[in-house]
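K.L.:
target-v4.txt (compact mmCIF, C-alpha atoms) pasted underneath:
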# COMPACT_ATOMS: atom_id res chain seq x y z
CA MET A 1 9.81 -12.38 -12.97
CA THR A 2 6.05 -11.83 -12.80
CA GLY A 3 3.57 -13.10 -10.23
CA THR A 4 0.54 -12.02 -8.25
CA ALA A 5 1.61 -12.92 -4.70
CA THR A 6 4.69 -12.33 -2.58
CA ARG A 7 7.40 -14.92 -2.08
CA TYR A 8 9.40 -14.91 1.16
CA LEU A 9 12.64 -16.80 0.63
CA TYR A 10 14.47 -17.94 3.77
CA LEU A 11 18.09 -18.88 3.14
CA VAL A 12 20.22 -20.85 5.58
CA ARG A 13 23.78 -22.06 5.41
CA HIS A 14 24.04 -25.56 6.91
CA GLY A 15 25.14 -26.04 10.52
CA GLU A 16 28.77 -26.46 11.50
CA ALA A 17 30.24 -29.48 9.70
CA SER A 18 32.75 -32.03 10.90
CA PRO A 19 36.30 -31.69 9.52
CA ASP A 20 35.67 -34.39 6.90
CA GLU A 21 32.31 -32.80 6.01
CA SER A 22 30.54 -36.14 6.49
CA GLY A 23 27.92 -34.56 8.72
CA LEU A 24 27.32 -32.03 11.46
CA THR A 25 29.22 -31.54 14.68
CA GLU A 26 27.33 -31.48 17.96
CA SER A 27 27.42 -27.69 17.73
CA GLY A 28 26.03 -27.90 14.20
CA ARG A 29 23.14 -30.06 15.38
CA ARG A 30 22.34 -27.60 18.16
CA GLN A 31 22.48 -24.72 15.68
CA ALA A 32 20.01 -26.43 13.36
CA THR A 33 17.59 -27.31 16.14
CA LEU A 34 17.61 -23.78 17.53
CA LEU A 35 17.01 -22.34 14.09
CA GLY A 36 14.09 -24.72 13.60
CA GLN A 37 12.62 -23.52 16.89
CA ARG A 38 12.92 -19.93 15.72
CA LEU A 39 11.11 -20.75 12.48
CA ARG A 40 8.13 -22.44 14.14
CA GLY A 41 4.89 -20.83 13.16
CA ILE A 42 6.01 -19.72 9.71
CA PRO A 43 3.69 -21.33 7.15
CA PHE A 44 6.37 -22.86 4.95
CA ALA A 45 5.23 -24.45 1.73
CA ALA A 46 8.45 -26.46 1.51
CA VAL A 47 12.01 -26.87 2.73
CA HIS A 48 14.56 -27.37 -0.07
CA HIS A 49 18.05 -28.62 0.70
CA GLY A 50 21.20 -29.63 -1.09
CA PRO A 51 22.26 -33.29 -1.45
CA LEU A 52 25.38 -33.18 0.74
CA PRO A 53 25.09 -34.68 4.25
CA ARG A 54 25.68 -31.42 6.12
CA ALA A 55 22.79 -29.72 4.31
CA GLY A 56 20.48 -32.73 4.54
CA GLN A 57 21.07 -33.20 8.26
CA THR A 58 20.51 -29.49 8.90
CA ALA A 59 17.23 -29.56 6.95
CA ARG A 60 15.96 -32.62 8.81
CA LEU A 61 16.74 -31.11 12.21
CA ILE A 62 14.98 -27.90 11.24
CA GLY A 63 12.09 -29.91 9.83
CA ASP A 64 11.72 -31.75 13.14
CA GLN A 65 10.70 -28.43 14.67
CA LEU A 66 8.15 -27.60 11.98
CA LYS A 67 4.67 -28.98 11.37
CA ASN A 68 4.22 -31.26 8.37
CA VAL A 69 6.45 -29.27 6.02
CA PRO A 70 7.75 -31.38 3.12
CA LEU A 71 11.53 -31.61 2.59
CA HIS A 72 12.84 -31.73 -0.96
CA VAL A 73 16.43 -32.57 -1.86
CA SER A 74 17.68 -30.64 -4.88
CA GLU A 75 21.00 -30.39 -6.69
CA VAL A 76 20.05 -26.78 -7.40
CA ALA A 77 20.31 -26.10 -3.64
CA GLY A 78 23.74 -27.74 -3.52
CA ASP A 79 27.33 -26.56 -3.14
CA TYR A 80 28.74 -25.16 -6.37
CA VAL A 81 30.50 -22.15 -7.89
CA PRO A 82 27.63 -20.07 -9.33
CA TYR A 83 29.59 -17.82 -11.65
CA MET A 84 33.15 -17.68 -12.97
CA PRO A 85 34.15 -14.08 -13.71
CA GLY A 86 36.86 -12.99 -16.07
CA ARG A 87 39.67 -10.76 -14.89
CA ASP A 88 38.20 -7.77 -16.71
CA GLU A 89 35.02 -7.99 -14.60
CA LEU A 90 36.83 -7.81 -11.27
CA PRO A 91 38.17 -4.78 -9.40
CA ALA A 92 41.86 -4.48 -10.29
CA GLU A 93 42.97 -4.39 -6.66
CA SER A 94 41.33 -7.72 -5.78
CA ALA A 95 41.38 -9.60 -9.09
CA ASP A 96 44.47 -11.67 -8.28
CA PHE A 97 43.03 -12.80 -4.95
CA SER A 98 39.65 -13.72 -6.43
CA LEU A 99 41.15 -15.61 -9.36
CA ARG A 100 43.48 -17.58 -7.06
CA PHE A 101 40.46 -18.52 -4.95
CA LEU A 102 38.51 -19.69 -7.99
CA ALA A 103 41.47 -21.58 -9.45
CA GLY A 104 40.75 -24.43 -7.04
CA SER A 105 37.45 -25.22 -8.77
CA THR A 106 37.25 -28.22 -11.06
CA ALA A 107 36.40 -28.25 -14.76
CA GLU A 108 33.07 -29.85 -13.84
CA GLU A 109 32.28 -27.03 -11.42
CA ARG A 110 33.12 -24.46 -14.08
CA GLU A 111 30.76 -26.18 -16.51
CA HIS A 112 27.81 -27.13 -14.31
CA GLY A 113 27.84 -24.52 -11.54
CA PRO A 114 26.60 -21.58 -13.63
CA ALA A 115 23.79 -23.68 -15.11
CA LEU A 116 22.64 -24.68 -11.62
CA ALA A 117 22.85 -21.05 -10.52
CA ARG A 118 20.55 -20.00 -13.34
CA GLN A 119 18.10 -22.73 -12.33
CA ALA A 120 18.24 -21.46 -8.73
CA LEU A 121 17.11 -18.04 -9.91
CA ASP A 122 14.24 -19.62 -11.83
CA LEU A 123 13.13 -21.87 -8.96
CA PHE A 124 13.65 -19.73 -5.87
CA THR A 125 13.26 -16.05 -6.80
CA GLY A 126 10.52 -13.67 -7.87
CA PRO A 127 6.84 -13.30 -6.96
CA VAL A 128 4.57 -16.34 -7.21
CA ASP A 129 1.26 -17.01 -8.93
CA GLY A 130 -1.86 -17.24 -6.84
CA GLU A 131 -3.60 -15.24 -4.14
CA GLU A 132 -1.57 -16.39 -1.12
CA ASP A 133 1.96 -15.42 -0.20
CA ARG A 134 4.48 -18.26 -0.23
CA HIS A 135 7.18 -18.94 2.36
CA GLU A 136 10.02 -21.25 1.31
CA LEU A 137 13.19 -22.32 3.12
CA VAL A 138 16.40 -23.27 1.30
CA VAL A 139 19.08 -25.02 3.36
CA THR A 140 22.23 -24.72 1.33
CA HIS A 141 25.84 -23.50 1.31
CA ASN A 142 27.59 -20.17 1.47
CA PHE A 143 28.04 -19.70 -2.27
CA LEU A 144 24.35 -20.05 -3.16
CA VAL A 145 23.22 -17.73 -0.36
CA ALA A 146 25.72 -15.17 -1.65
CA TRP A 147 24.55 -15.64 -5.25
CA LEU A 148 20.89 -15.06 -4.36
CA VAL A 149 21.63 -12.04 -2.16
CA ARG A 150 23.74 -10.58 -4.98
CA ASP A 151 20.87 -11.07 -7.40
CA ALA A 152 18.36 -9.43 -5.04
CA MET A 153 20.64 -6.38 -4.82
CA HIS A 154 21.08 -6.24 -8.62
CA ALA A 155 24.83 -6.39 -8.08
CA PRO A 156 27.23 -7.59 -10.81
CA LYS A 157 27.39 -11.35 -11.24
CA TRP A 158 30.92 -11.58 -9.84
CA ARG A 159 29.79 -9.96 -6.56
CA TRP A 160 28.79 -13.24 -4.94
CA LEU A 161 32.49 -13.31 -4.10
CA GLY A 162 33.14 -11.79 -0.70
CA LEU A 163 29.61 -12.30 0.67
CA ASN A 164 30.00 -14.68 3.59
CA HIS A 165 27.39 -16.30 5.82
CA CYS A 166 27.77 -18.12 9.12
CA ASN A 167 26.55 -21.62 9.87
CA ALA A 168 22.80 -21.68 10.61
CA ALA A 169 22.50 -17.91 10.11
CA LEU A 170 19.26 -16.68 8.57
CA THR A 171 18.81 -14.49 5.50
CA VAL A 172 15.34 -13.51 4.23
CA ILE A 173 14.49 -11.99 0.85
CA ARG A 174 11.04 -10.71 -0.10
CA TYR A 175 9.86 -10.75 -3.72
CA ALA A 176 6.68 -8.69 -3.98
CA PRO A 177 4.78 -8.06 -7.23
CA SER A 178 5.79 -4.88 -9.04
CA ARG A 179 8.48 -4.07 -6.47
CA PRO A 180 12.23 -4.67 -6.34
CA ALA A 181 13.45 -7.58 -4.26
CA SER A 182 14.12 -6.64 -0.65
CA VAL A 183 16.70 -8.24 1.65
CA LEU A 184 14.82 -8.16 4.96
CA MET A 185 17.65 -9.63 7.01
CA SER A 186 21.09 -11.07 6.35
CA ASN A 187 23.33 -13.41 8.37
CA ASP A 188 21.05 -13.09 11.40
CA MET A 189 22.09 -15.23 14.38
CA ARG A 190 19.82 -14.03 17.17
CA HIS A 191 18.52 -17.59 17.69
CA LEU A 192 22.01 -18.81 18.61
CA PRO A 193 23.76 -18.37 21.96
CA THR A 194 27.12 -16.60 21.85
CA GLU A 195 29.18 -19.78 21.76
CA LEU A 196 27.38 -21.02 18.63
CA ARG A 197 27.69 -17.82 16.60
CA TRP A 198 30.18 -16.98 13.86
CA THR A 199 31.14 -20.57 13.07
CA GLY A 200 32.10 -20.92 9.44
CA PHE A 201 34.08 -17.66 9.61
CA PRO A 202 37.85 -17.48 10.19
CA PRO A 203 38.65 -16.95 13.89
CA GLU A 204 39.96 -13.42 13.28
CA LEU A 205 36.54 -12.42 11.97
CA HIS A 206 34.56 -13.66 14.98
CA ILE A 207 32.77 -10.73 16.58
Output the structure of this file as structure tokens.

P.N.:
Amino acid sequence: MTGTATRYLYLVRHGEASPDESGLTESGRRQATLLGQRLRGIPFAAVHHGPLPRAGQTARLIGDQLKNVPLHVSEVAGDYVPYMPGRDELPAESADFSLRFLAGSTAEEREHGPALARQALDLFTGPVDGEEDRHELVVTHNFLVAWLVRDAMHAPKWRWLGLNHCNAALTVIRYAPSRPASVLMSNDMRHLPTELRWTGFPPELHI
């Protein structure tokens, strides 16, 4: 993608959700507020967020800590399977595991997810036109963060699988003109106290 100015894309998985996913837990609300405090001072052009309650609530709590930054709800920033690989694309040793994981997706997800993922690349990646750099925040879900990181690394399309991000962790990708995309940070949780880190990961993976 061409452009004359640099885009800084800030990607955030929503805060910790309640078991029924109807909204955030108290910990999730604290995570979002602390992340918003960390992001103060960044001249965001916009905050984009998915339509589900856990993403919308996270975006609003972050937005409360920012100055007059517009929030935009977008299906493209939602929760969906971005790419459905065939067995022949996957490493032989992990193909069965990956295909079992994907088998739980619905026919609708298989049809619409990849189209939304392509739109996400069009909307959120690459340098921008103009003379000023642009900073944008996308509050979304694990799969889309993984998809965009995979794209920035020029990894195969199936490689969004296995890239995991914690609740309210921060990932930043820079798209500068005439340069490859650069992942400046990934899954960064320095804004969270110890007790609020690693949520969204299985307990055995908490560090």

K.L.:
Which polymer residues, whether protein, DNA or RNA, lie within 12 Å of the coordinate (8.4, -22.7, 1.7) when you count all atoms listed in the file? List them as a PyMOL selection string, using the chain letters and numbers from the file.

P.N.:
chain A and resi 6-11+39+42-49+63+66+68-72+123-125+128+133-139+172

K.L.:
May I have the residues within 12 Å of Leu144 (chain A) as a JSON list (two decimals) with C-alpha atoms, keeping the file's coordinate frame, using all atoms listed in the file and disregarding those fewer than 4 positions away in the same chain?

P.N.:
[["chain", "number", "residue", "atom", "x", "y", "z"],
["A", 11, "LEU", "CA", 18.09, -18.88, 3.14],
["A", 12, "VAL", "CA", 20.22, -20.85, 5.58],
["A", 13, "ARG", "CA", 23.78, -22.06, 5.41],
["A", 14, "HIS", "CA", 24.04, -25.56, 6.91],
["A", 49, "HIS", "CA", 18.05, -28.62, 0.70],
["A", 50, "GLY", "CA", 21.20, -29.63, -1.09],
["A", 75, "GLU", "CA", 21.00, -30.39, -6.69],
["A", 76, "VAL", "CA", 20.05, -26.78, -7.40],
["A", 77, "ALA", "CA", 20.31, -26.10, -3.64],
["A", 78, "GLY", "CA", 23.74, -27.74, -3.52],
["A", 79, "ASP", "CA", 27.33, -26.56, -3.14],
["A", 80, "TYR", "CA", 28.74, -25.16, -6.37],
["A", 81, "VAL", "CA", 30.50, -22.15, -7.89],
["A", 82, "PRO", "CA", 27.63, -20.07, -9.33],
["A", 83, "TYR", "CA", 29.59, -17.82, -11.65],
["A", 113, "GLY", "CA", 27.84, -24.52, -11.54],
["A", 114, "PRO", "CA", 26.60, -21.58, -13.63],
["A", 116, "LEU", "CA", 22.64, -24.68, -11.62],
["A", 117, "ALA", "CA", 22.85, -21.05, -10.52],
["A", 118, "ARG", "CA", 20.55, -20.00, -13.34],
["A", 119, "GLN", "CA", 18.10, -22.73, -12.33],
["A", 120, "ALA", "CA", 18.24, -21.46, -8.73],
["A", 121, "LEU", "CA", 17.11, -18.04, -9.91],
["A", 124, "PHE", "CA", 13.65, -19.73, -5.87],
["A", 138, "VAL", "CA", 16.40, -23.27, 1.30],
["A", 139, "VAL", "CA", 19.08, -25.02, 3.36],
["A", 140, "THR", "CA", 22.23, -24.72, 1.33],
["A", 148, "LEU", "CA", 20.89, -15.06, -4.36],
["A", 149, "VAL", "CA", 21.63, -12.04, -2.16],
["A", 150, "ARG", "CA", 23.74, -10.58, -4.98],
["A", 151, "ASP", "CA", 20.87, -11.07, -7.40],
["A", 159, "ARG", "CA", 29.79, -9.96, -6.56],
["A", 160, "TRP", "CA", 28.79, -13.24, -4.94],
["A", 161, "LEU", "CA", 32.49, -13.31, -4.10],
["A", 163, "LEU", "CA", 29.61, -12.30, 0.67],
["A", 164, "ASN", "CA", 30.00, -14.68, 3.59],
["A", 165, "HIS", "CA", 27.39, -16.30, 5.82],
["A", 171, "THR", "CA", 18.81, -14.49, 5.50]]

K.L.:
Report, in Å to a single decimal, how far apart CA of Asn142 (chain A) and CA of Ser105 (chain A) are.

P.N.:
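Calculated distance between CA of Ser105 (chain A) and CA of Asn142 (chain A) is 15.1 Å.
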
K.L.:
From the set A:Leu35, A:Ala92, A:Val145, A:Ala59, which residue has the shortest atom-to-atom contact distance to Ser186 (chain A), counting only C-alpha atoms?

P.N.:
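Counting only C-alpha atoms, the residue closest to Ser186 (chain A) is A:Val145.
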
K.L.:
Please identify all polymer residues within 9 Å of region 54-57 of chain A, counting all atoms listed in the file, omitting same-chain residues fewer than 5 positions from it, and present them as a VMD selection string.

P.N.:
chain A and resid 13 to 18 21 to 24 28 to 29 32 49 62 73 78 139 to 141

K.L.:
Using all atoms listed in the file, determine which residues lie at most 12 Å from Ser98 (chain A), disregarding the query and same-chain residues fewer than 5 positions distant; provide the list as a ChimeraX atom specification.

P.N.:
/A:84-93,103-105,158-162

K.L.:
Which value, in Å to one decimal, gives the distance between CA of Ile207 (chain A) and CA of Val183 (chain A)?

P.N.:
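Distance reported for this atom pair: 22.1 Å.
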
K.L.:
Could you tell me how far CA of Leu184 (chain A) lies from CA of Phe143 (chain A), in Å and to one decimal?

P.N.:
19.0 Å

K.L.:
Could I see region 49-60 of chain A restored to all heavy atoms, set down as a PDB file, in the frame of the given file?

P.N.:
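And here is the file that came out, part-v6.pdb:
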ATOM      1  N   HIS A  49      16.682 -28.518   0.194  1.00  0.00           N
ATOM      2  CA  HIS A  49      18.050 -28.620   0.700  1.00  0.00           C
ATOM      3  C   HIS A  49      18.945 -29.312  -0.302  1.00  0.00           C
ATOM      4  O   HIS A  49      18.496 -30.107  -1.144  1.00  0.00           O
ATOM      5  CB  HIS A  49      18.093 -29.348   2.046  1.00  0.00           C
ATOM      6  CG  HIS A  49      17.687 -30.789   1.989  1.00  0.00           C
ATOM      7  ND1 HIS A  49      18.577 -31.800   1.697  1.00  0.00           N
ATOM      8  CD2 HIS A  49      16.492 -31.392   2.201  1.00  0.00           C
ATOM      9  CE1 HIS A  49      17.950 -32.959   1.729  1.00  0.00           C
ATOM     10  NE2 HIS A  49      16.676 -32.746   2.025  1.00  0.00           N
ATOM     11  N   GLY A  50      20.224 -29.015  -0.214  1.00  0.00           N
ATOM     12  CA  GLY A  50      21.200 -29.630  -1.090  1.00  0.00           C
ATOM     13  C   GLY A  50      21.425 -31.086  -0.748  1.00  0.00           C
ATOM     14  O   GLY A  50      21.039 -31.560   0.330  1.00  0.00           O
ATOM     15  N   PRO A  51      22.094 -31.840  -1.639  1.00  0.00           N
ATOM     16  CA  PRO A  51      22.260 -33.290  -1.450  1.00  0.00           C
ATOM     17  C   PRO A  51      23.371 -33.701  -0.508  1.00  0.00           C
ATOM     18  O   PRO A  51      23.409 -34.860  -0.096  1.00  0.00           O
ATOM     19  CB  PRO A  51      22.548 -33.777  -2.881  1.00  0.00           C
ATOM     20  CG  PRO A  51      23.185 -32.611  -3.562  1.00  0.00           C
ATOM     21  CD  PRO A  51      22.526 -31.392  -2.983  1.00  0.00           C
ATOM     22  N   LEU A  52      24.270 -32.801  -0.138  1.00  0.00           N
ATOM     23  CA  LEU A  52      25.380 -33.180   0.740  1.00  0.00           C
ATOM     24  C   LEU A  52      24.892 -33.416   2.169  1.00  0.00           C
ATOM     25  O   LEU A  52      23.926 -32.780   2.614  1.00  0.00           O
ATOM     26  CB  LEU A  52      26.467 -32.113   0.704  1.00  0.00           C
ATOM     27  CG  LEU A  52      27.159 -31.938  -0.657  1.00  0.00           C
ATOM     28  CD1 LEU A  52      28.199 -30.821  -0.586  1.00  0.00           C
ATOM     29  CD2 LEU A  52      27.804 -33.241  -1.112  1.00  0.00           C
ATOM     30  N   PRO A  53      25.580 -34.308   2.910  1.00  0.00           N
ATOM     31  CA  PRO A  53      25.090 -34.680   4.250  1.00  0.00           C
ATOM     32  C   PRO A  53      24.900 -33.495   5.192  1.00  0.00           C
ATOM     33  O   PRO A  53      23.924 -33.457   5.950  1.00  0.00           O
ATOM     34  CB  PRO A  53      26.177 -35.634   4.759  1.00  0.00           C
ATOM     35  CG  PRO A  53      26.748 -36.254   3.527  1.00  0.00           C
ATOM     36  CD  PRO A  53      26.734 -35.155   2.495  1.00  0.00           C
ATOM     37  N   ARG A  54      25.797 -32.522   5.168  1.00  0.00           N
ATOM     38  CA  ARG A  54      25.680 -31.420   6.120  1.00  0.00           C
ATOM     39  C   ARG A  54      24.431 -30.575   5.865  1.00  0.00           C
ATOM     40  O   ARG A  54      23.820 -30.077   6.823  1.00  0.00           O
ATOM     41  CB  ARG A  54      26.935 -30.557   6.114  1.00  0.00           C
ATOM     42  CG  ARG A  54      27.363 -29.986   4.767  1.00  0.00           C
ATOM     43  CD  ARG A  54      28.785 -29.426   4.882  1.00  0.00           C
ATOM     44  NE  ARG A  54      29.257 -28.727   3.689  1.00  0.00           N
ATOM     45  CZ  ARG A  54      29.812 -29.320   2.644  1.00  0.00           C
ATOM     46  NH1 ARG A  54      29.954 -30.639   2.630  1.00  0.00           N
ATOM     47  NH2 ARG A  54      30.258 -28.593   1.632  1.00  0.00           N
ATOM     48  N   ALA A  55      24.022 -30.449   4.611  1.00  0.00           N
ATOM     49  CA  ALA A  55      22.790 -29.720   4.310  1.00  0.00           C
ATOM     50  C   ALA A  55      21.563 -30.574   4.625  1.00  0.00           C
ATOM     51  O   ALA A  55      20.583 -30.079   5.187  1.00  0.00           O
ATOM     52  CB  ALA A  55      22.778 -29.289   2.847  1.00  0.00           C
ATOM     53  N   GLY A  56      21.614 -31.846   4.272  1.00  0.00           N
ATOM     54  CA  GLY A  56      20.480 -32.730   4.540  1.00  0.00           C
ATOM     55  C   GLY A  56      20.204 -32.881   6.023  1.00  0.00           C
ATOM     56  O   GLY A  56      19.042 -32.839   6.460  1.00  0.00           O
ATOM     57  N   GLN A  57      21.259 -33.059   6.816  1.00  0.00           N
ATOM     58  CA  GLN A  57      21.070 -33.200   8.260  1.00  0.00           C
ATOM     59  C   GLN A  57      20.510 -31.916   8.862  1.00  0.00           C
ATOM     60  O   GLN A  57      19.630 -31.946   9.732  1.00  0.00           O
ATOM     61  CB  GLN A  57      22.387 -33.574   8.931  1.00  0.00           C
ATOM     62  CG  GLN A  57      22.850 -34.989   8.625  1.00  0.00           C
ATOM     63  CD  GLN A  57      24.159 -35.330   9.308  1.00  0.00           C
ATOM     64  OE1 GLN A  57      24.572 -34.676  10.262  1.00  0.00           O
ATOM     65  NE2 GLN A  57      24.830 -36.346   8.806  1.00  0.00           N
ATOM     66  N   THR A  58      21.018 -30.774   8.404  1.00  0.00           N
ATOM     67  CA  THR A  58      20.510 -29.490   8.900  1.00  0.00           C
ATOM     68  C   THR A  58      19.022 -29.356   8.579  1.00  0.00           C
ATOM     69  O   THR A  58      18.220 -28.969   9.436  1.00  0.00           O
ATOM     70  CB  THR A  58      21.293 -28.328   8.278  1.00  0.00           C
ATOM     71  OG1 THR A  58      22.678 -28.456   8.606  1.00  0.00           O
ATOM     72  CG2 THR A  58      20.783 -26.985   8.780  1.00  0.00           C
ATOM     73  N   ALA A  59      18.637 -29.679   7.355  1.00  0.00           N
ATOM     74  CA  ALA A  59      17.230 -29.560   6.950  1.00  0.00           C
ATOM     75  C   ALA A  59      16.333 -30.468   7.775  1.00  0.00           C
ATOM     76  O   ALA A  59      15.237 -30.067   8.179  1.00  0.00           O
ATOM     77  CB  ALA A  59      17.100 -29.871   5.465  1.00  0.00           C
ATOM     78  N   ARG A  60      16.793 -31.690   8.034  1.00  0.00           N
ATOM     79  CA  ARG A  60      15.960 -32.620   8.810  1.00  0.00           C
ATOM     80  C   ARG A  60      15.791 -32.136  10.251  1.00  0.00           C
ATOM     81  O   ARG A  60      14.694 -32.242  10.822  1.00  0.00           O
ATOM     82  CB  ARG A  60      16.550 -34.015   8.767  1.00  0.00           C
ATOM     83  CG  ARG A  60      16.375 -34.697   7.398  1.00  0.00           C
ATOM     84  CD  ARG A  60      16.756 -36.154   7.430  1.00  0.00           C
ATOM     85  NE  ARG A  60      18.183 -36.351   7.617  1.00  0.00           N
ATOM     86  CZ  ARG A  60      19.079 -36.359   6.634  1.00  0.00           C
ATOM     87  NH1 ARG A  60      18.695 -36.157   5.379  1.00  0.00           N
ATOM     88  NH2 ARG A  60      20.357 -36.572   6.884  1.00  0.00           N
TER      89      ARG A  60
END
